[in-house]
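In what follows, a structure is listed as structure tokens, so that the remarks can point back to it.
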Amino acid sequence: MTNEEDEGELSARYQNALDALSSLITKRSRFVNNNQSHRFRLLFHYLKVLELEDAVSQMKIIHVAGTKGKGSTCTFSESILRNYGLRTGLFTSPHLLDVRERFRLNGIEISQDKFVDYFWCCFHKLKEKTSNEIPMPTYFCFLALLAFKIFTTEQVDVVILEVGLGGRFDATNVVQRPVVCGISSLGYDHMEILGHTLAEIAAEKAGIFKSGVPAFTVPQPNEAMRVLNEKASKLEVNLQVVEPLNKSYRLGLQGEHQYLNASLAVALCSTFLQKIGFEDKNDLIHTNGLPEKFITGLANAYLMGRAMIVPDSELPEEIVFYLDGAHSPESMEACATWFTQQIKQNQERNKKRAEKILLFNCMSVRDPSLLLPRLRSKCVDQGVEFKKAIFVPNVSVYNQVGFCSNVDSRVETMTWQFGLQRIWENMARGEAKSNTGSDSKGKEEEKSFVFSSLPSAVDWLRDNARRSKQVRFQVLVTGSLHLVGDLLRLIRK
């Protein structure tokens, strides 16, 4: 058999695995919260079926929950510990282009052949034991179980687990004795499941606390901090609050907010190395700053879809995409801060006239009336205004197996996108009224558009760029990680 035939067979086997995985995506399963407890209890049965109980109990784990920044914190942590020569396993979500991104071994996503082997091993074992009382695991539960199978078999030294949603009933919380826990910044997200107050949300996130296991968090709103402290006290958890890292350090992930995530990662890694009895303890005690391996790890961290700058593949000089998968009000502000900083730095280097364009979509479970105003006002406050705004649906319903398939009729009929446009235009009209009589008379009118697909929007951008050779389009793509993934796939073809 030739190499081409081998690759073709592997590709077919991989596609079959993705098809089987997609069968575990249940319609609107994320919104049904009355059976969370039952589904969580089933996880222990699934571990037993896969013969992973003992292996998981012996894993050395860093467990991280939070509303925003938890993926970045996990990424920083993995990079730091890999610099200490530890064999790392990183489980994060969601993915952008391929489900294998969720499983990293020593910083590299798992190969197709390994994924296929581990996938069918777990899938067949679980399928054999299904019944009316015990169904197959749902999509994310299966992925978490698959992560445990991969990391135990690959004999990693440390597993960094990012919570998928919430904490208390999340599939990753089947872990009973992590080495250390972390909670990143808390805010309003997934309220239909986690609760409508910060106190309720904090209580769900604090569900990852385990008796006597040290934990770290970042400064939180008072309402959330009070609940975290109460939960920690009940479990005799030593909960400590970290402050942002000194900005003299270079970070691999861009944006001022990342200094807080980096600080949380530093605390988690320092504690982890001490708890496992790492031999070079003196290296962790530096009065003059961080150890060199921490500095290198923070600088080399990489997370696709967060604060990425990608020139267009066809017109790299005319169109530059600024990609950030922000999808909560707080992360929208952080995204706006990063974007405006990049724009201002670029103005000093580029002589072309720049035109700022927003390319936006968000999932229908989000509230765009909270997202768009935070994004727009932060940009305006920093002196950056969008000339055009474009609203599109996500491209794929089958995004190498993701949750895009669970859209509602509003999105399918474009009603959702026209609603986004109305919110944006109402904000623009409100600003125009408040600026009447000011120096805004000479300003060119802002325009917004709705396109039926992302490819048609990109084609339109390219057509305009070809006609306007003296203008550089700086396009901020945000609101959804799915949108960012779709755009990356499209412009890299």
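How things are named: the first chain in the structure tokens is A, the next is B, and so on; residues count from 1 in each chain; ligands count from 1 in the order shown.
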Residues flagged strand (DSSP E or B) by DSSP in range 55-238 of chain A, as a PyMOL selection string | chain A and resi 61-65+68+88-91+103-105+108-109+158-162+180-183+185+215-217
Write the residues of the preceding selection, restricted to C-alpha atoms, as a PDB file, in the first residue's frame.
```pdb
ATOM      1  CA  ILE A  61      -4.095  17.534  37.736  1.00  0.00           C
ATOM      2  CA  ILE A  62      -4.474  21.307  37.584  1.00  0.00           C
ATOM      3  CA  HIS A  63      -8.195  22.105  37.307  1.00  0.00           C
ATOM      4  CA  VAL A  64      -9.352  25.548  36.105  1.00  0.00           C
ATOM      5  CA  ALA A  65     -12.861  27.049  35.943  1.00  0.00           C
ATOM      6  CA  LYS A  68     -13.269  34.256  30.868  1.00  0.00           C
ATOM      7  CA  THR A  88       2.060  17.622  29.632  1.00  0.00           C
ATOM      8  CA  GLY A  89      -1.529  16.846  28.699  1.00  0.00           C
ATOM      9  CA  LEU A  90      -3.828  19.813  28.014  1.00  0.00           C
ATOM     10  CA  PHE A  91      -7.609  19.548  27.573  1.00  0.00           C
ATOM     11  CA  PHE A 103      -6.182  17.369  23.220  1.00  0.00           C
ATOM     12  CA  ARG A 104      -2.573  18.523  23.355  1.00  0.00           C
ATOM     13  CA  LEU A 105       0.358  16.292  24.235  1.00  0.00           C
ATOM     14  CA  ILE A 108       1.021  19.552  20.145  1.00  0.00           C
ATOM     15  CA  GLU A 109      -2.507  18.499  19.212  1.00  0.00           C
ATOM     16  CA  VAL A 158       0.652  16.603  34.514  1.00  0.00           C
ATOM     17  CA  VAL A 159      -2.874  17.140  33.170  1.00  0.00           C
ATOM     18  CA  ILE A 160      -4.232  20.666  32.823  1.00  0.00           C
ATOM     19  CA  LEU A 161      -8.033  20.524  32.638  1.00  0.00           C
ATOM     20  CA  GLU A 162     -10.172  23.435  31.504  1.00  0.00           C
ATOM     21  CA  VAL A 180      -4.403  22.618  42.736  1.00  0.00           C
ATOM     22  CA  CYS A 181      -7.481  24.476  41.430  1.00  0.00           C
ATOM     23  CA  GLY A 182      -7.904  27.874  39.810  1.00  0.00           C
ATOM     24  CA  ILE A 183     -10.857  30.156  39.064  1.00  0.00           C
ATOM     25  CA  SER A 185     -12.438  36.044  36.121  1.00  0.00           C
ATOM     26  CA  ALA A 215      -6.976  27.102  45.145  1.00  0.00           C
ATOM     27  CA  PHE A 216      -6.255  30.461  43.534  1.00  0.00           C
ATOM     28  CA  THR A 217      -8.433  33.084  41.947  1.00  0.00           C
TER      29      THR A 217
END
```
If we count only C-alpha atoms, what is near range 253-270 of chain A at a cut-off of 9 Å, once residues fewer than 5 positions away on the same chain are taken out, given as a PyMOL selection string?
-> chain A and resi 62+69-70+72-78+80-81+180-185+215-218+241-247+275+284+290+294+298-303+306-308+331+334-335+337-339+341
Those in range 241-407 of chain A with helix (DSSP H, G or I) from DSSP, as a PyMOL selection string = chain A and resi 258-275+281-284+292-300+329-349+368-381+403-405
Who sits within 6 Å of Arg472 in chain A, only C-alpha atoms, same chain under 3 positions skipped, as a PyMOL selection string = chain A and resi 318-319+354
From the list A:Arg177, A:His95, A:Arg87, A:Lys114, the nearest residue to Leu10 in chain A using only C-alpha atoms is A:Lys114
Pick the closest to Gly167 in chain A from A:Ala202, A:Val179, A:Leu145, A:Val213: which is it, counting only C-alpha atoms?
-> A:Ala202
Give the answer as one residue: which of A:Ser131, A:Thr296, A:Asn222, A:Asn394 has the shortest atom-to-atom distance to Tyr84 in chain A, using only C-alpha atoms?
->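 Distance minimum relative to Tyr84 in chain A lands on A:Thr296.
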Would you kindly return, as a PyMOL selection string, each protein, DNA or RNA residue with an atom no farther than 9 Å from any atom of Val237 in chain A, considering only C-alpha atoms and excluding same-chain residues fewer than 5 positions away?
-> chain A and resi 209-215+229+231-232
Pick out the closest residue to Ile276 in chain A from this set: A:Phe151, A:Glu446, A:Gly297, A:Pro178. Count only C-alpha atoms.
->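 Using only C-alpha atoms, Ile276 in chain A sits closest to A:Pro178.
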For Met427 in chain A, which residue among A:Phe391, A:Phe451, A:Gln347, A:Arg376 is the nearest when counting only C-alpha atoms?
-> A:Arg376
Find the residues around range 43-55 of chain A up to 10 Å (only C-alpha atoms counted), leave out those fewer than 5 positions away in its own chain, and share them as an MDAnalysis selection string.
-> chainID A and resid 38 121:126 128:130 134 136:137 141:142 144:146 148:149 151:153 155 170:175
Store the residues picked out above, limited to C-alpha atoms, as a compact mmCIF listing (two decimals), in the first residue's frame.
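Once written, selection-v8.txt looks like this:
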```txt
# COMPACT_ATOMS: atom_id res chain seq x y z
CA HIS A 38 -28.03 12.52 36.87
CA CYS A 121 -11.47 2.11 21.92
CA CYS A 122 -13.69 4.32 24.13
CA PHE A 123 -16.68 4.46 21.80
CA HIS A 124 -17.02 0.69 21.35
CA LYS A 125 -16.55 -0.08 25.06
CA LEU A 126 -19.22 2.45 26.05
CA GLU A 128 -21.50 -2.19 24.48
CA LYS A 129 -22.73 -1.14 27.92
CA THR A 130 -25.54 1.21 26.89
CA ILE A 134 -27.52 4.24 30.81
CA MET A 136 -24.11 6.91 25.58
CA PRO A 137 -22.36 9.94 27.05
CA CYS A 141 -18.83 14.14 28.42
CA PHE A 142 -17.41 11.77 25.85
CA ALA A 144 -13.67 14.52 28.65
CA LEU A 145 -13.60 10.74 29.01
CA LEU A 146 -11.52 10.51 25.84
CA PHE A 148 -8.65 10.86 30.42
CA LYS A 149 -8.04 7.81 28.21
CA PHE A 151 -3.57 11.18 28.98
CA THR A 152 -3.43 8.01 31.08
CA THR A 153 -2.26 5.85 28.19
CA GLN A 155 1.58 8.59 30.69
CA ASP A 170 -19.00 19.67 34.47
CA ALA A 171 -17.62 16.42 33.08
CA THR A 172 -14.07 17.39 34.11
CA ASN A 173 -15.21 17.56 37.75
CA VAL A 174 -15.24 13.79 37.96
CA VAL A 175 -11.67 14.34 39.19
```
Could you name the residues that touch Ile343 in chain A at 12 Å or less, counting only C-alpha atoms, but leaving out those on the same chain fewer than 4 positions away, as a list in words?
->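 So the residues in contact are Ile309, Val320, Phe321, Tyr322, Ala336, Thr337, Trp338, Phe339, Gln347, Glu348, Arg349, Asn350, Arg353, Ala354, Glu355, Lys356, Ile357, Cys379, Gln382, Gly383, Val384, Glu385, Phe386, Arg472, Phe473, Gln474, Val475 and Leu476 of chain A.
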In Å, with one decimal, what is the gap from CA of Phe360 in chain A to CA of Ala465 in chain A?
->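 Taking CA of Phe360 in chain A and CA of Ala465 in chain A, their separation equals 19.0 Å.
Residue nearest Ile110 in chain A within the list A:Leu97, A:Cys362, A:Leu323, A:Ile150: A:Ile150 [criterion: smallest interatomic distance, only C-alpha atoms].
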